[in-house]
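Working notes, beginning with the structure itself.
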Amino acid sequence: MKTTKKILIVDDDPNILLSVEFLLVKNGFNVLVARNGMEAMEIIEDTVPDIVLLDIMMPDVDGYVICEYIKKNERTKSARVIFLSAKSREVDVNFGYEMGADLYMVKPFSTRTLLEKINELPIVTGK
């Protein structure tokens with residue numbers, strides 16, 4: 001039996017939130033939305049998503065901190081993290097991977113490519 005991936009989208013840009021949420025819901029995913037870093041941390045405390053789509057530059061807690069928290073927490077470390085960021089310098093991308101990201105996509109990104117990457121990510125069970 002196939003289970004639906006639970007995906008948390010974290011971004012302070014309402015246009016990105018709406019478009020990515022629409023895309024994922026349309027494709028059968030269970031979607032949670034956070035408009036800032038603090039909201040994301042609260043959601044992660046309540047439920048462990050399979051995948052977190054994570055912006056880096058947010059007004060309160062940045063995506064690097066959230067990613068590091070997810071990957072260092074025993075309960076959440078199996079969640080896959082995909083950064084969706086306008087930060088495109090090699091140093092930023094490398095730092096994202098150092099913090100534990102499974103994938104780093106630069107904005108603007110292709111929604112088709114994002115969907116392909118989400119579907120390719122293996123989900124670790126037994127959280």
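Residue numbers start at 1 in each chain; chains themselves are named A, B, ... in the order of the structure tokens; ligands are numbered from 1 in the order shown.
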
Non-local contacts of Arg89 in chain A (12 Å; only C-alpha atoms; under 4 positions in same chain excluded) as a list in words: Ser85, Val93, Asn94, Phe95, Gly96, Tyr104, Met105, Val106 and Lys107 of chain A

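Residue neighbourhood of Asp60 in chain A, excluding near-sequence residues (fewer than 2 positions): Asp11, Asp12, Arg35, Asn36, Gly37, Met38, Glu39, Ala40, Met41, Asp55, Ile56, Met57, Met58, Asp62, Gly63, Tyr64, Val65 and Ile66 of chain A, at 12 Å, using only C-alpha atoms.
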
Strand (DSSP E or B) call set, DSSP backbone run, chain A, as JSON, numbers by chain: {"A": [6, 7, 8, 9, 10, 30, 31, 32, 33, 34, 51, 52, 53, 54, 80, 81, 82, 83, 84, 85, 103, 104, 105, 106]}

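Remark: for Leu17 in chain A, the closest of the candidate residues A:Ile123, A:Lys71, A:Leu84, A:Ile118 is A:Leu84 (distances computed over only C-alpha atoms).
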